[in-house]
>>> print(open('model.csv').read())   # CSV, C-alpha atoms and all ligand atoms
chain,number,residue,atom,x,y,z
X,1,MET,CA,-45.1,-38.6,-25.8
X,2,ARG,CA,-41.3,-38.2,-25.3
X,3,ILE,CA,-39.2,-35.1,-25.5
X,4,SER,CA,-37.0,-35.6,-28.7
X,5,GLU,CA,-35.4,-32.1,-29.2
X,6,VAL,CA,-34.5,-29.2,-27.0
X,7,HIS,CA,-33.6,-25.8,-28.6
X,8,ILE,CA,-32.4,-22.8,-26.7
X,9,TYR,CA,-32.7,-19.3,-28.2
X,10,GLN,CA,-31.3,-15.9,-27.1
X,11,LYS,CA,-33.3,-12.8,-27.8
X,12,ASP,CA,-32.5,-9.2,-27.0
X,13,LEU,CA,-35.7,-7.2,-26.2
X,14,GLN,CA,-35.0,-3.5,-26.8
X,15,LEU,CA,-36.9,-1.2,-24.3
X,16,ASP,CA,-38.8,1.8,-25.6
X,17,GLN,CA,-37.3,3.8,-22.8
X,18,PRO,CA,-34.8,3.0,-20.0
X,19,TYR,CA,-36.3,0.9,-17.2
X,20,THR,CA,-35.1,2.2,-13.8
X,21,MET,CA,-35.0,0.6,-10.4
X,22,ALA,CA,-32.9,1.5,-7.4
X,23,GLY,CA,-29.3,1.6,-8.6
X,24,THR,CA,-30.2,0.0,-12.0
X,25,VAL,CA,-30.9,1.4,-15.5
X,26,LEU,CA,-31.7,-1.1,-18.2
X,27,HIS,CA,-31.9,-0.3,-22.0
X,28,ALA,CA,-32.5,-3.9,-23.2
X,29,LEU,CA,-33.3,-7.3,-21.7
X,30,ASP,CA,-31.7,-10.6,-22.5
X,31,SER,CA,-34.3,-13.3,-22.8
X,32,THR,CA,-33.9,-17.1,-23.2
X,33,ILE,CA,-36.5,-19.0,-25.0
X,34,VAL,CA,-36.8,-22.8,-24.9
X,35,LYS,CA,-38.5,-24.9,-27.6
X,36,LEU,CA,-39.3,-28.5,-26.7
X,37,VAL,CA,-40.2,-30.9,-29.6
X,38,CYS,CA,-41.8,-34.3,-28.9
X,39,ASP,CA,-41.7,-37.5,-30.9
X,40,ASP,CA,-45.3,-36.9,-32.0
X,41,GLY,CA,-44.3,-33.5,-33.5
X,42,LEU,CA,-46.0,-31.4,-30.7
X,43,VAL,CA,-44.0,-28.3,-29.8
X,44,GLY,CA,-43.9,-26.5,-26.4
X,45,TRP,CA,-42.5,-23.1,-25.5
X,46,GLY,CA,-40.9,-21.7,-22.4
X,47,GLU,CA,-39.0,-18.5,-21.5
X,48,THR,CA,-36.9,-17.0,-18.7
X,49,CYS,CA,-35.7,-13.4,-18.7
X,50,PRO,CA,-34.0,-11.8,-15.7
X,51,VAL,CA,-34.4,-8.0,-15.3
X,52,GLY,CA,-30.7,-7.4,-15.6
X,53,PRO,CA,-27.8,-9.2,-13.8
X,54,THR,CA,-28.2,-7.5,-10.3
X,55,TYR,CA,-31.9,-8.0,-9.5
X,56,GLN,CA,-31.4,-11.5,-8.3
X,57,PRO,CA,-28.6,-14.0,-8.2
X,58,GLU,CA,-29.3,-15.6,-11.6
X,59,HIS,CA,-28.3,-14.0,-14.9
X,60,ALA,CA,-29.2,-14.6,-18.5
X,61,ALA,CA,-26.1,-16.3,-19.7
X,62,GLY,CA,-26.2,-18.5,-16.5
X,63,ALA,CA,-29.8,-19.6,-17.5
X,64,ARG,CA,-28.5,-20.7,-20.9
X,65,ALA,CA,-25.5,-22.5,-19.4
X,66,ALA,CA,-27.8,-24.3,-16.9
X,67,LEU,CA,-30.3,-25.2,-19.7
X,68,SER,CA,-27.4,-26.7,-21.8
X,69,LEU,CA,-26.6,-28.9,-18.8
X,70,LEU,CA,-30.2,-29.8,-18.2
X,71,ALA,CA,-31.3,-30.6,-21.8
X,72,PRO,CA,-29.5,-34.0,-22.1
X,73,ALA,CA,-31.1,-35.0,-18.9
X,74,ILE,CA,-34.6,-34.5,-20.2
X,75,VAL,CA,-34.3,-35.8,-23.8
X,76,GLY,CA,-36.1,-39.1,-24.1
X,77,LYS,CA,-38.3,-38.4,-21.0
X,78,CYS,CA,-42.1,-38.3,-21.0
X,79,ALA,CA,-43.4,-34.8,-21.5
X,80,LEU,CA,-46.7,-35.6,-19.7
X,81,THR,CA,-45.0,-36.0,-16.3
X,82,PRO,CA,-43.6,-32.6,-15.3
X,83,LEU,CA,-42.8,-33.7,-11.7
X,84,LEU,CA,-40.7,-36.6,-12.9
X,85,VAL,CA,-38.9,-34.3,-15.4
X,86,ARG,CA,-38.3,-31.9,-12.5
X,87,ARG,CA,-36.7,-34.7,-10.5
X,88,HIS,CA,-34.4,-35.6,-13.5
X,89,MET,CA,-33.4,-31.9,-13.7
X,90,ASP,CA,-32.7,-31.8,-9.9
X,91,ALA,CA,-30.6,-34.9,-10.1
X,92,ARG,CA,-28.5,-33.2,-12.8
X,93,LEU,CA,-28.2,-29.7,-11.3
X,94,ASN,CA,-28.9,-28.2,-7.9
X,95,GLY,CA,-30.8,-24.9,-7.8
X,96,HIS,CA,-31.1,-22.7,-10.9
X,97,ASN,CA,-34.9,-22.5,-10.7
X,98,GLN,CA,-35.0,-19.8,-13.3
X,99,ALA,CA,-33.6,-22.2,-16.0
X,100,LYS,CA,-35.7,-25.1,-14.8
X,101,ALA,CA,-38.8,-22.9,-15.0
X,102,ALA,CA,-38.4,-22.4,-18.7
X,103,ILE,CA,-38.6,-26.2,-19.2
X,104,ASP,CA,-41.5,-26.5,-16.7
X,105,ILE,CA,-43.5,-23.9,-18.6
X,106,ALA,CA,-42.7,-25.5,-22.0
X,107,LEU,CA,-43.9,-28.9,-20.6
X,108,MET,CA,-47.2,-27.3,-19.4
X,109,ASP,CA,-47.6,-25.8,-22.9
X,110,LEU,CA,-47.1,-29.3,-24.4
X,111,ILE,CA,-49.4,-31.0,-21.9
X,112,GLY,CA,-52.2,-28.5,-22.6
X,113,LYS,CA,-51.8,-29.0,-26.4
X,114,HIS,CA,-51.8,-32.8,-25.9
X,115,HIS,CA,-55.0,-32.7,-23.9
X,116,LYS,CA,-56.5,-29.8,-25.8
X,117,MET,CA,-56.7,-27.8,-22.5
X,118,ARG,CA,-55.5,-24.4,-21.6
X,119,VAL,CA,-52.7,-24.1,-19.1
X,120,CYS,CA,-55.0,-22.3,-16.7
X,121,ASP,CA,-57.3,-25.3,-16.6
X,122,LEU,CA,-54.3,-27.7,-16.0
X,123,LEU,CA,-53.5,-25.5,-13.0
X,124,GLY,CA,-57.0,-25.9,-11.5
X,125,GLY,CA,-59.2,-23.6,-13.6
X,126,ALA,CA,-59.5,-20.0,-14.5
X,127,ILE,CA,-61.6,-17.9,-12.2
X,128,SER,CA,-62.1,-15.2,-14.8
X,129,GLU,CA,-61.2,-14.6,-18.5
X,130,ALA,CA,-59.2,-11.4,-17.7
X,131,VAL,CA,-56.7,-10.6,-15.0
X,132,PRO,CA,-55.8,-7.2,-13.5
X,133,SER,CA,-52.4,-5.9,-14.3
X,134,TYR,CA,-50.3,-3.2,-12.6
X,135,PHE,CA,-47.8,-0.7,-13.9
X,136,ALA,CA,-44.3,-0.1,-12.4
X,137,LEU,CA,-43.3,3.6,-12.4
X,138,GLY,CA,-39.5,3.9,-12.7
X,139,ILE,CA,-37.3,6.1,-10.5
X,140,ALA,CA,-38.2,9.7,-11.4
X,141,SER,CA,-38.8,13.2,-9.9
X,142,PRO,CA,-42.0,13.8,-7.9
X,143,GLU,CA,-43.5,15.8,-10.8
X,144,ASP,CA,-42.8,13.3,-13.5
X,145,SER,CA,-43.9,10.4,-11.3
X,146,ALA,CA,-47.2,12.2,-10.5
X,147,ALA,CA,-47.8,12.9,-14.2
X,148,GLN,CA,-47.1,9.3,-15.2
X,149,ALA,CA,-49.3,8.0,-12.4
X,150,ARG,CA,-52.2,10.1,-13.7
X,151,GLU,CA,-51.6,8.8,-17.2
X,152,LYS,CA,-51.6,5.2,-16.1
X,153,VAL,CA,-54.8,5.7,-14.0
X,154,GLY,CA,-56.3,7.1,-17.2
X,155,GLN,CA,-55.3,4.0,-19.0
X,156,GLY,CA,-57.3,1.9,-16.5
X,157,PHE,CA,-54.5,0.3,-14.4
X,158,PRO,CA,-56.1,-0.7,-11.0
X,159,ARG,CA,-52.7,-0.6,-9.3
X,160,LEU,CA,-49.4,1.2,-9.5
X,161,GLN,CA,-46.0,0.2,-8.2
X,162,ILE,CA,-43.7,3.2,-7.6
X,163,LYS,CA,-40.0,2.3,-7.7
X,164,CYS,CA,-37.9,4.0,-5.0
X,165,GLY,CA,-34.5,3.7,-3.4
X,166,GLY,CA,-31.0,4.3,-4.6
X,167,ARG,CA,-31.2,8.0,-3.7
X,168,ALA,CA,-31.9,10.2,-0.6
X,169,VAL,CA,-35.0,8.8,1.1
X,170,ASP,CA,-36.4,12.4,1.2
X,171,GLU,CA,-36.8,12.2,-2.6
X,172,ASP,CA,-38.7,8.9,-2.3
X,173,ILE,CA,-40.9,10.4,0.3
X,174,ALA,CA,-41.6,13.5,-1.9
X,175,VAL,CA,-42.5,11.2,-4.8
X,176,ILE,CA,-45.0,9.2,-2.8
X,177,HIS,CA,-46.7,12.4,-1.5
X,178,LYS,CA,-46.9,13.9,-5.0
X,179,VAL,CA,-48.3,10.7,-6.6
X,180,TRP,CA,-50.8,10.4,-3.8
X,181,GLU,CA,-51.9,14.0,-4.3
X,182,ALA,CA,-52.3,13.2,-8.0
X,183,VAL,CA,-54.2,9.9,-7.9
X,184,GLY,CA,-55.5,9.5,-4.3
X,185,ASN,CA,-57.8,6.5,-3.8
X,186,GLU,CA,-58.4,6.1,-7.6
X,187,VAL,CA,-55.8,3.3,-7.7
X,188,ARG,CA,-54.0,1.0,-5.3
X,189,LEU,CA,-50.4,2.0,-4.6
X,190,ALA,CA,-47.3,0.0,-3.7
X,191,ILE,CA,-43.8,1.3,-3.5
X,192,ASP,CA,-40.9,-1.1,-4.3
X,193,ALA,CA,-37.4,-0.4,-3.1
X,194,ASN,CA,-35.9,-3.5,-4.7
X,195,ARG,CA,-33.8,-4.3,-1.6
X,196,SER,CA,-32.1,-0.9,-1.5
X,197,LEU,CA,-33.3,0.8,1.7
X,198,THR,CA,-31.6,0.6,5.1
X,199,ALA,CA,-33.8,-0.4,8.0
X,200,ARG,CA,-33.5,3.3,9.2
X,201,ASP,CA,-34.7,4.7,5.9
X,202,THR,CA,-37.6,2.3,5.7
X,203,LEU,CA,-38.8,3.4,9.1
X,204,LEU,CA,-38.4,7.1,8.1
X,205,LEU,CA,-40.3,6.5,4.9
X,206,SER,CA,-43.1,4.7,6.5
X,207,LEU,CA,-43.4,7.3,9.3
X,208,SER,CA,-43.4,10.2,6.8
X,209,CYS,CA,-46.1,8.5,4.7
X,210,LYS,CA,-48.1,7.3,7.6
X,211,ARG,CA,-51.4,8.5,6.2
X,212,ILE,CA,-50.9,7.3,2.7
X,213,PRO,CA,-52.2,3.7,2.0
X,214,ILE,CA,-49.2,2.1,0.4
X,215,VAL,CA,-47.8,-1.4,0.4
X,216,ILE,CA,-44.1,-1.4,1.0
X,217,GLU,CA,-42.5,-4.0,-1.2
X,218,GLN,CA,-39.0,-5.5,-0.5
X,219,PRO,CA,-37.6,-2.5,1.3
X,220,CYS,CA,-34.4,-4.0,2.6
X,221,ASN,CA,-31.9,-6.6,1.3
X,222,THR,CA,-32.6,-9.4,3.7
X,223,MET,CA,-35.6,-11.0,5.4
X,224,GLU,CA,-33.8,-10.5,8.7
X,225,GLU,CA,-33.5,-6.7,8.3
X,226,ILE,CA,-37.2,-6.5,7.4
X,227,ALA,CA,-38.1,-8.7,10.4
X,228,SER,CA,-36.1,-6.5,12.7
X,229,ILE,CA,-38.3,-3.4,11.9
X,230,ARG,CA,-41.5,-5.1,11.0
X,231,SER,CA,-43.4,-4.2,14.1
X,232,GLN,CA,-42.5,-0.5,13.8
X,233,ILE,CA,-43.6,-0.1,10.1
X,234,HIS,CA,-47.0,1.6,9.6
X,235,HIS,CA,-47.8,-0.2,6.3
X,236,PRO,CA,-48.2,-3.7,4.9
X,237,VAL,CA,-44.9,-5.2,3.9
X,238,TYR,CA,-44.4,-7.5,1.0
X,239,LEU,CA,-41.4,-9.6,0.1
X,240,ASP,CA,-40.3,-10.1,-3.5
X,241,GLU,CA,-36.6,-10.8,-4.1
X,242,ASN,CA,-36.3,-12.7,-0.8
X,243,THR,CA,-38.7,-15.4,-2.1
X,244,GLU,CA,-36.3,-17.5,-4.1
X,245,THR,CA,-37.8,-20.9,-3.2
X,246,VAL,CA,-41.1,-22.4,-1.9
X,247,ASN,CA,-39.3,-22.8,1.4
X,248,ASP,CA,-38.5,-19.0,1.6
X,249,VAL,CA,-42.3,-18.3,1.3
X,250,LEU,CA,-43.0,-20.8,4.0
X,251,ARG,CA,-40.3,-19.3,6.2
X,252,ALA,CA,-41.6,-15.8,5.7
X,253,ILE,CA,-45.1,-16.7,6.5
X,254,SER,CA,-44.3,-18.8,9.5
X,255,LEU,CA,-42.0,-16.1,11.0
X,256,GLY,CA,-44.6,-13.4,10.3
X,257,VAL,CA,-42.1,-11.3,8.3
X,258,CYS,CA,-44.6,-10.0,5.8
X,259,ASP,CA,-48.2,-9.4,4.8
X,260,GLY,CA,-47.9,-10.5,1.1
X,261,PHE,CA,-45.6,-11.2,-1.8
X,262,GLY,CA,-44.5,-10.0,-5.2
X,263,LEU,CA,-44.1,-13.5,-6.7
X,264,LYS,CA,-42.0,-14.4,-9.8
X,265,LEU,CA,-42.8,-17.6,-11.7
X,266,THR,CA,-39.3,-18.4,-12.9
X,267,ARG,CA,-37.6,-17.6,-9.6
X,268,LEU,CA,-39.8,-20.2,-7.9
X,269,GLY,CA,-39.2,-22.8,-10.6
X,270,GLY,CA,-42.1,-22.4,-13.0
X,271,LEU,CA,-45.8,-23.0,-13.1
X,272,ASN,CA,-45.9,-26.1,-10.9
X,273,ALA,CA,-43.9,-24.5,-8.1
X,274,PHE,CA,-46.0,-21.4,-8.4
X,275,THR,CA,-49.3,-23.3,-7.8
X,276,THR,CA,-47.8,-24.7,-4.6
X,277,VAL,CA,-47.0,-21.2,-3.4
X,278,ARG,CA,-50.4,-20.0,-4.6
X,279,ASP,CA,-52.1,-22.6,-2.4
X,280,ILE,CA,-49.8,-21.9,0.6
X,281,CYS,CA,-50.7,-18.2,0.3
X,282,ALA,CA,-54.4,-19.0,0.0
X,283,ALA,CA,-54.2,-21.1,3.2
X,284,ARG,CA,-52.8,-18.0,5.1
X,285,SER,CA,-54.9,-15.4,3.2
X,286,MET,CA,-51.7,-13.7,1.9
X,287,PRO,CA,-52.1,-11.4,-1.1
X,288,HIS,CA,-49.6,-11.7,-3.9
X,289,SER,CA,-48.8,-10.7,-7.5
X,290,CYS,CA,-48.2,-13.2,-10.2
X,291,ASP,CA,-45.4,-11.8,-12.3
X,292,ASP,CA,-42.1,-12.6,-13.8
X,293,THR,CA,-39.0,-10.5,-13.9
X,294,SER,CA,-39.5,-9.7,-17.5
X,295,GLY,CA,-39.6,-11.4,-21.0
X,296,GLY,CA,-41.9,-11.6,-24.0
X,297,ASP,CA,-45.2,-13.3,-25.0
X,298,ILE,CA,-44.3,-16.8,-23.7
X,299,ILE,CA,-43.6,-15.9,-20.1
X,300,ALA,CA,-46.4,-13.3,-20.2
X,301,ALA,CA,-48.9,-15.9,-21.2
X,302,ALA,CA,-47.6,-18.2,-18.4
X,303,CYS,CA,-48.2,-15.4,-15.9
X,304,VAL,CA,-51.7,-14.7,-17.1
X,305,HIS,CA,-52.7,-18.4,-17.0
X,306,ALA,CA,-51.3,-18.7,-13.5
X,307,GLY,CA,-52.8,-15.4,-12.3
X,308,ALA,CA,-56.3,-16.4,-13.6
X,309,THR,CA,-56.2,-19.3,-11.1
X,310,VAL,CA,-55.5,-17.1,-8.0
X,311,ASP,CA,-58.3,-16.1,-5.7
X,312,PRO,CA,-59.2,-12.6,-7.0
X,313,GLY,CA,-59.3,-11.3,-3.5
X,314,LEU,CA,-55.7,-12.2,-3.0
X,315,LEU,CA,-54.4,-11.3,-6.5
X,316,GLU,CA,-52.3,-8.1,-6.6
X,317,GLY,CA,-52.1,-8.2,-10.3
X,318,VAL,CA,-50.1,-9.7,-13.2
X,319,TRP,CA,-47.1,-7.6,-14.3
X,320,ILE,CA,-45.9,-8.2,-17.8
X,321,GLY,CA,-43.2,-6.6,-19.9
X,322,ALA,CA,-45.4,-5.7,-22.9
X,323,PRO,CA,-45.9,-2.0,-22.1
X,324,TYR,CA,-42.2,-1.4,-22.0
X,325,TYR,CA,-41.4,-2.7,-25.5
X,326,GLU,CA,-43.3,-3.2,-28.7
X,327,GLU,CA,-42.1,-6.5,-30.0
X,328,HIS,CA,-44.3,-9.6,-29.9
X,329,TYR,CA,-43.1,-13.1,-30.7
X,330,ASP,CA,-46.7,-14.0,-31.7
X,331,PRO,CA,-47.9,-11.4,-34.1
X,332,GLU,CA,-51.5,-12.4,-33.9
X,333,ASN,CA,-52.1,-13.4,-30.3
X,334,GLY,CA,-49.4,-11.4,-28.5
X,335,ILE,CA,-50.2,-10.8,-24.8
X,336,GLN,CA,-51.3,-7.2,-24.3
X,337,ILE,CA,-52.8,-5.0,-21.6
X,338,LYS,CA,-56.2,-3.4,-22.3
X,339,ASP,CA,-57.8,-1.1,-19.7
X,340,GLY,CA,-55.3,-2.3,-17.1
X,341,HIS,CA,-56.3,-5.9,-17.7
X,342,ILE,CA,-55.0,-8.8,-19.7
X,343,ASP,CA,-57.3,-11.3,-21.5
X,344,LEU,CA,-56.5,-15.0,-21.1
X,345,PRO,CA,-55.4,-16.6,-24.4
X,346,ARG,CA,-58.1,-18.9,-25.9
X,347,ALA,CA,-56.0,-21.7,-27.6
X,348,PRO,CA,-54.8,-24.8,-25.8
X,349,GLY,CA,-51.5,-24.8,-23.9
X,350,LEU,CA,-50.2,-21.3,-23.3
X,351,GLY,CA,-52.2,-20.1,-26.4
X,352,VAL,CA,-49.3,-18.2,-28.0
X,353,THR,CA,-47.5,-19.3,-31.2
X,354,PRO,CA,-44.1,-17.6,-31.6
X,355,ASP,CA,-43.0,-16.7,-35.1
X,356,GLU,CA,-39.6,-18.3,-35.2
X,357,ARG,CA,-38.2,-15.3,-37.0
X,358,ARG,CA,-38.9,-13.2,-33.9
X,359,ILE,CA,-37.3,-15.2,-31.2
X,360,GLY,CA,-33.7,-14.3,-31.7
X,361,ASN,CA,-30.7,-16.5,-32.3
X,362,LEU,CA,-30.4,-20.3,-31.7
X,363,SER,CA,-27.8,-20.7,-29.0
X,364,ALA,CA,-27.8,-24.5,-28.6
X,365,SER,CA,-29.8,-27.6,-29.7
X,366,PHE,CA,-30.0,-31.1,-28.2
X,367,ASN,CA,-31.6,-34.3,-29.4
S,401,LIG,C1,-42.1,-4.7,-11.4
S,401,LIG,N1,-41.5,-6.0,-11.5
S,401,LIG,C2,-42.5,-7.0,-11.4
S,401,LIG,C3,-40.9,-6.1,-12.9
S,401,LIG,C4,-39.4,-6.0,-12.7
S,401,LIG,O1,-38.9,-7.3,-12.9
S,401,LIG,C5,-39.2,-5.7,-11.2
S,401,LIG,C6,-40.4,-6.3,-10.6
S,401,LIG,C7,-40.5,-6.0,-9.1
S,401,LIG,O2,-41.6,-6.0,-8.6
S,401,LIG,O3,-39.5,-6.0,-8.5
S,402,MG,MG,-40.7,-6.1,-6.6
>>> encode(input="model.csv", output="structure tokens")
Amino acid sequence: MRISEVHIYQKDLQLDQPYTMAGTVLHALDSTIVKLVCDDGLVGWGETCPVGPTYQPEHAAGARAALSLLAPAIVGKCALTPLLVRRHMDARLNGHNQAKAAIDIALMDLIGKHHKMRVCDLLGGAISEAVPSYFALGIASPEDSAAQAREKVGQGFPRLQIKCGGRAVDEDIAVIHKVWEAVGNEVRLAIDANRSLTARDTLLLSLSCKRIPIVIEQPCNTMEEIASIRSQIHHPVYLDENTETVNDVLRAISLGVCDGFGLKLTRLGGLNAFTTVRDICAARSMPHSCDDTSGGDIIAAACVHAGATVDPGLLEGVWIGAPYYEEHYDPENGIQIKDGHIDLPRAPGLGVTPDERRIGNLSASFN
């Protein structure tokens, strides 16, 4: 079963309301969709969608440029051997995990369809048929954050992530107290500074919120800054943006820099790299999420399949973009959150079938 065609699409996903993180306001997301066609007619889908150009080093147009370089290296290769395809891609282009991930995901979709197995089963087997999700509250005032937190608890989310940073740390501290007053122990809480706090402000925040059970996600820009204050922080610390490779995860665990991770499938290189990290985390009992930076039904399905294979005691949830925009590529089996949880798709492969009228503009094709 050889790859005979590679098609790359660009899709703008319009957000229902601005998505805010420290120092960033986004109104739309630029997603890249990959369609692989094999010589037997089977089709596999992949997707990669950064959350704006400043969240991590890769950006959307860069992913498409990288994919255009990679596509000729994979045409004619066997779709059933993703490790070998990965080696062909690495021989053509160093790094660019985010682009390679879209191909890796499309291959797993193809392999699942070929064997009539779901992707979760190819990754070792689903532990349950639904995974917990979590909601990210954007940067807002204490009152608005508390009101939205109540609303999301009412919708059944078992975990909330509160964005902070990019403003006076006093405001972040006020938000955390107000949200805690509003929801208390009804929901698990994390705060996420998306690299924006100084070590000083991280310490002030942790001290001022000492009695509130929060996880502090990616407070500072570098692993070194976090390591320097780690022993003085009163809360569990998770890394997110600093885990760009499998080796970063190994380094963070071996240096004792963190207590868990916010993991992104495409940043690590796709489903196969994620399962490596999943198993490393399990070996050290490290909790983690199973997210991606953003995107539509294809990447959401990949995250749900991967998340379903994680030890539930370690899974911090599967974040998907669906609550922030209404569009679905697959009008019938689009990935959605119900009662704070996401059902695993039932069909083989990823279990989503994009309507090609909904996946944006063709940007390049190779055969
Ligand atoms: C909440 N997320 C999973 C979605 C956005 O991409 C940011 C990200 C995070 O945790 O940083
Ligand atoms: Mg994060």
>>> residues_near_ligand(input="model.csv", ligand="ligand LIG 401 (chain S)", cutoff="7 Å", atoms="only C-alpha atoms and all ligand atoms", output="VMD selection string")
chain X and resid 51 136 192 194 240 262 291 to 294 319
>>> closest_residue(input="model.csv", among="X:Thr32, X:Ser289, X:Gln17, X:Ser206", to="ligand MG 402 (chain S)", atoms="all atoms listed in the file")
X:Ser289
>>> residues_around(input="model.csv", residues="range 57-63 of chain X", least_positions_apart="2", cutoff="10 Å", atoms="all atoms listed in the file", output="PDB file with C-alpha atoms, in the frame of the given file")
ATOM      1  CA  GLN X  10     -31.300 -15.900 -27.100  1.00  0.00           C
ATOM      2  CA  LEU X  29     -33.300  -7.300 -21.700  1.00  0.00           C
ATOM      3  CA  ASP X  30     -31.700 -10.600 -22.500  1.00  0.00           C
ATOM      4  CA  SER X  31     -34.300 -13.300 -22.800  1.00  0.00           C
ATOM      5  CA  THR X  32     -33.900 -17.100 -23.200  1.00  0.00           C
ATOM      6  CA  THR X  48     -36.900 -17.000 -18.700  1.00  0.00           C
ATOM      7  CA  CYS X  49     -35.700 -13.400 -18.700  1.00  0.00           C
ATOM      8  CA  PRO X  50     -34.000 -11.800 -15.700  1.00  0.00           C
ATOM      9  CA  VAL X  51     -34.400  -8.000 -15.300  1.00  0.00           C
ATOM     10  CA  GLY X  52     -30.700  -7.400 -15.600  1.00  0.00           C
ATOM     11  CA  PRO X  53     -27.800  -9.200 -13.800  1.00  0.00           C
ATOM     12  CA  THR X  54     -28.200  -7.500 -10.300  1.00  0.00           C
ATOM     13  CA  TYR X  55     -31.900  -8.000  -9.500  1.00  0.00           C
ATOM     14  CA  ALA X  65     -25.500 -22.500 -19.400  1.00  0.00           C
ATOM     15  CA  ALA X  66     -27.800 -24.300 -16.900  1.00  0.00           C
ATOM     16  CA  LEU X  67     -30.300 -25.200 -19.700  1.00  0.00           C
ATOM     17  CA  SER X  68     -27.400 -26.700 -21.800  1.00  0.00           C
ATOM     18  CA  LEU X  69     -26.600 -28.900 -18.800  1.00  0.00           C
ATOM     19  CA  HIS X  96     -31.100 -22.700 -10.900  1.00  0.00           C
ATOM     20  CA  ASN X  97     -34.900 -22.500 -10.700  1.00  0.00           C
ATOM     21  CA  GLN X  98     -35.000 -19.800 -13.300  1.00  0.00           C
ATOM     22  CA  ALA X  99     -33.600 -22.200 -16.000  1.00  0.00           C
ATOM     23  CA  LYS X 100     -35.700 -25.100 -14.800  1.00  0.00           C
ATOM     24  CA  ALA X 101     -38.800 -22.900 -15.000  1.00  0.00           C
ATOM     25  CA  ALA X 102     -38.400 -22.400 -18.700  1.00  0.00           C
ATOM     26  CA  GLU X 241     -36.600 -10.800  -4.100  1.00  0.00           C
ATOM     27  CA  GLU X 244     -36.300 -17.500  -4.100  1.00  0.00           C
ATOM     28  CA  ARG X 267     -37.600 -17.600  -9.600  1.00  0.00           C
TER      29      ARG X 267
END
>>> residues_near_ligand(input="model.csv", ligand="ligand MG 402 (chain S)", cutoff="12 Å", atoms="only C-alpha atoms and all ligand atoms", output="JSON, numbers by chain")
{"X": [21, 22, 51, 55, 56, 134, 135, 136, 137, 138, 160, 161, 162, 163, 164, 190, 191, 192, 193, 194, 195, 196, 215, 216, 217, 218, 219, 220, 221, 237, 238, 239, 240, 241, 242, 243, 260, 261, 262, 263, 264, 288, 289, 290, 291, 292, 293, 294, 316, 319]}
>>> atom_distance(input="model.csv", atom1="CA of His305 in chain X", atom2="CA of Gly44 in chain X")
15.2 Å
>>> atom_distance(input="model.csv", atom1="CA of Asp279 in chain X", atom2="CA of Arg87 in chain X")
21.2 Å
>>> residues_around(input="model.csv", residues="Leu250 in chain X", least_positions_apart="2", cutoff="12 Å", atoms="only C-alpha atoms", output="PDB file with C-alpha atoms, in the frame of the given file")
ATOM      1  CA  LEU X 239     -41.400  -9.600   0.100  1.00  0.00           C
ATOM      2  CA  ASN X 242     -36.300 -12.700  -0.800  1.00  0.00           C
ATOM      3  CA  THR X 243     -38.700 -15.400  -2.100  1.00  0.00           C
ATOM      4  CA  GLU X 244     -36.300 -17.500  -4.100  1.00  0.00           C
ATOM      5  CA  THR X 245     -37.800 -20.900  -3.200  1.00  0.00           C
ATOM      6  CA  VAL X 246     -41.100 -22.400  -1.900  1.00  0.00           C
ATOM      7  CA  ASN X 247     -39.300 -22.800   1.400  1.00  0.00           C
ATOM      8  CA  ASP X 248     -38.500 -19.000   1.600  1.00  0.00           C
ATOM      9  CA  ALA X 252     -41.600 -15.800   5.700  1.00  0.00           C
ATOM     10  CA  ILE X 253     -45.100 -16.700   6.500  1.00  0.00           C
ATOM     11  CA  SER X 254     -44.300 -18.800   9.500  1.00  0.00           C
ATOM     12  CA  LEU X 255     -42.000 -16.100  11.000  1.00  0.00           C
ATOM     13  CA  GLY X 256     -44.600 -13.400  10.300  1.00  0.00           C
ATOM     14  CA  VAL X 257     -42.100 -11.300   8.300  1.00  0.00           C
ATOM     15  CA  CYS X 258     -44.600 -10.000   5.800  1.00  0.00           C
ATOM     16  CA  GLY X 260     -47.900 -10.500   1.100  1.00  0.00           C
ATOM     17  CA  PHE X 261     -45.600 -11.200  -1.800  1.00  0.00           C
ATOM     18  CA  THR X 276     -47.800 -24.700  -4.600  1.00  0.00           C
ATOM     19  CA  VAL X 277     -47.000 -21.200  -3.400  1.00  0.00           C
ATOM     20  CA  ARG X 278     -50.400 -20.000  -4.600  1.00  0.00           C
ATOM     21  CA  ASP X 279     -52.100 -22.600  -2.400  1.00  0.00           C
ATOM     22  CA  ILE X 280     -49.800 -21.900   0.600  1.00  0.00           C
ATOM     23  CA  CYS X 281     -50.700 -18.200   0.300  1.00  0.00           C
ATOM     24  CA  ALA X 283     -54.200 -21.100   3.200  1.00  0.00           C
ATOM     25  CA  ARG X 284     -52.800 -18.000   5.100  1.00  0.00           C
ATOM     26  CA  MET X 286     -51.700 -13.700   1.900  1.00  0.00           C
TER      27      MET X 286
END
>>> atom_distance(input="model.csv", atom1="CA of Gly349 in chain X", atom2="CA of Ala91 in chain X")
27.0 Å
>>> residues_near_point(input="model.csv", point="(-34.4, -18.8, -33.3)", cutoff="12 Å", atoms="all atoms listed in the file", output="PyMOL selection string")
chain X and resi 7-12+31-35+329+354-365
>>> closest_residue(input="model.csv", among="X:Met117, X:Val43, X:Ala300, X:Ala106", to="Arg346 in chain X", atoms="only C-alpha atoms")
X:Met117
>>> closest_residue(input="model.csv", among="X:Pro287, X:Gly76, X:Pro236, X:Pro323", to="His88 in chain X", atoms="only C-alpha atoms")
X:Gly76
>>> closest_residue(input="model.csv", among="X:Met223, X:Ile233, X:Val153, X:Leu13", to="Val249 in chain X", atoms="only C-alpha atoms")
X:Met223
>>> closest_residue(input="model.csv", among="X:Asp297, X:Glu143, X:Glu326, X:Glu129", to="Asp172 in chain X", atoms="all atoms listed in the file")
X:Glu143
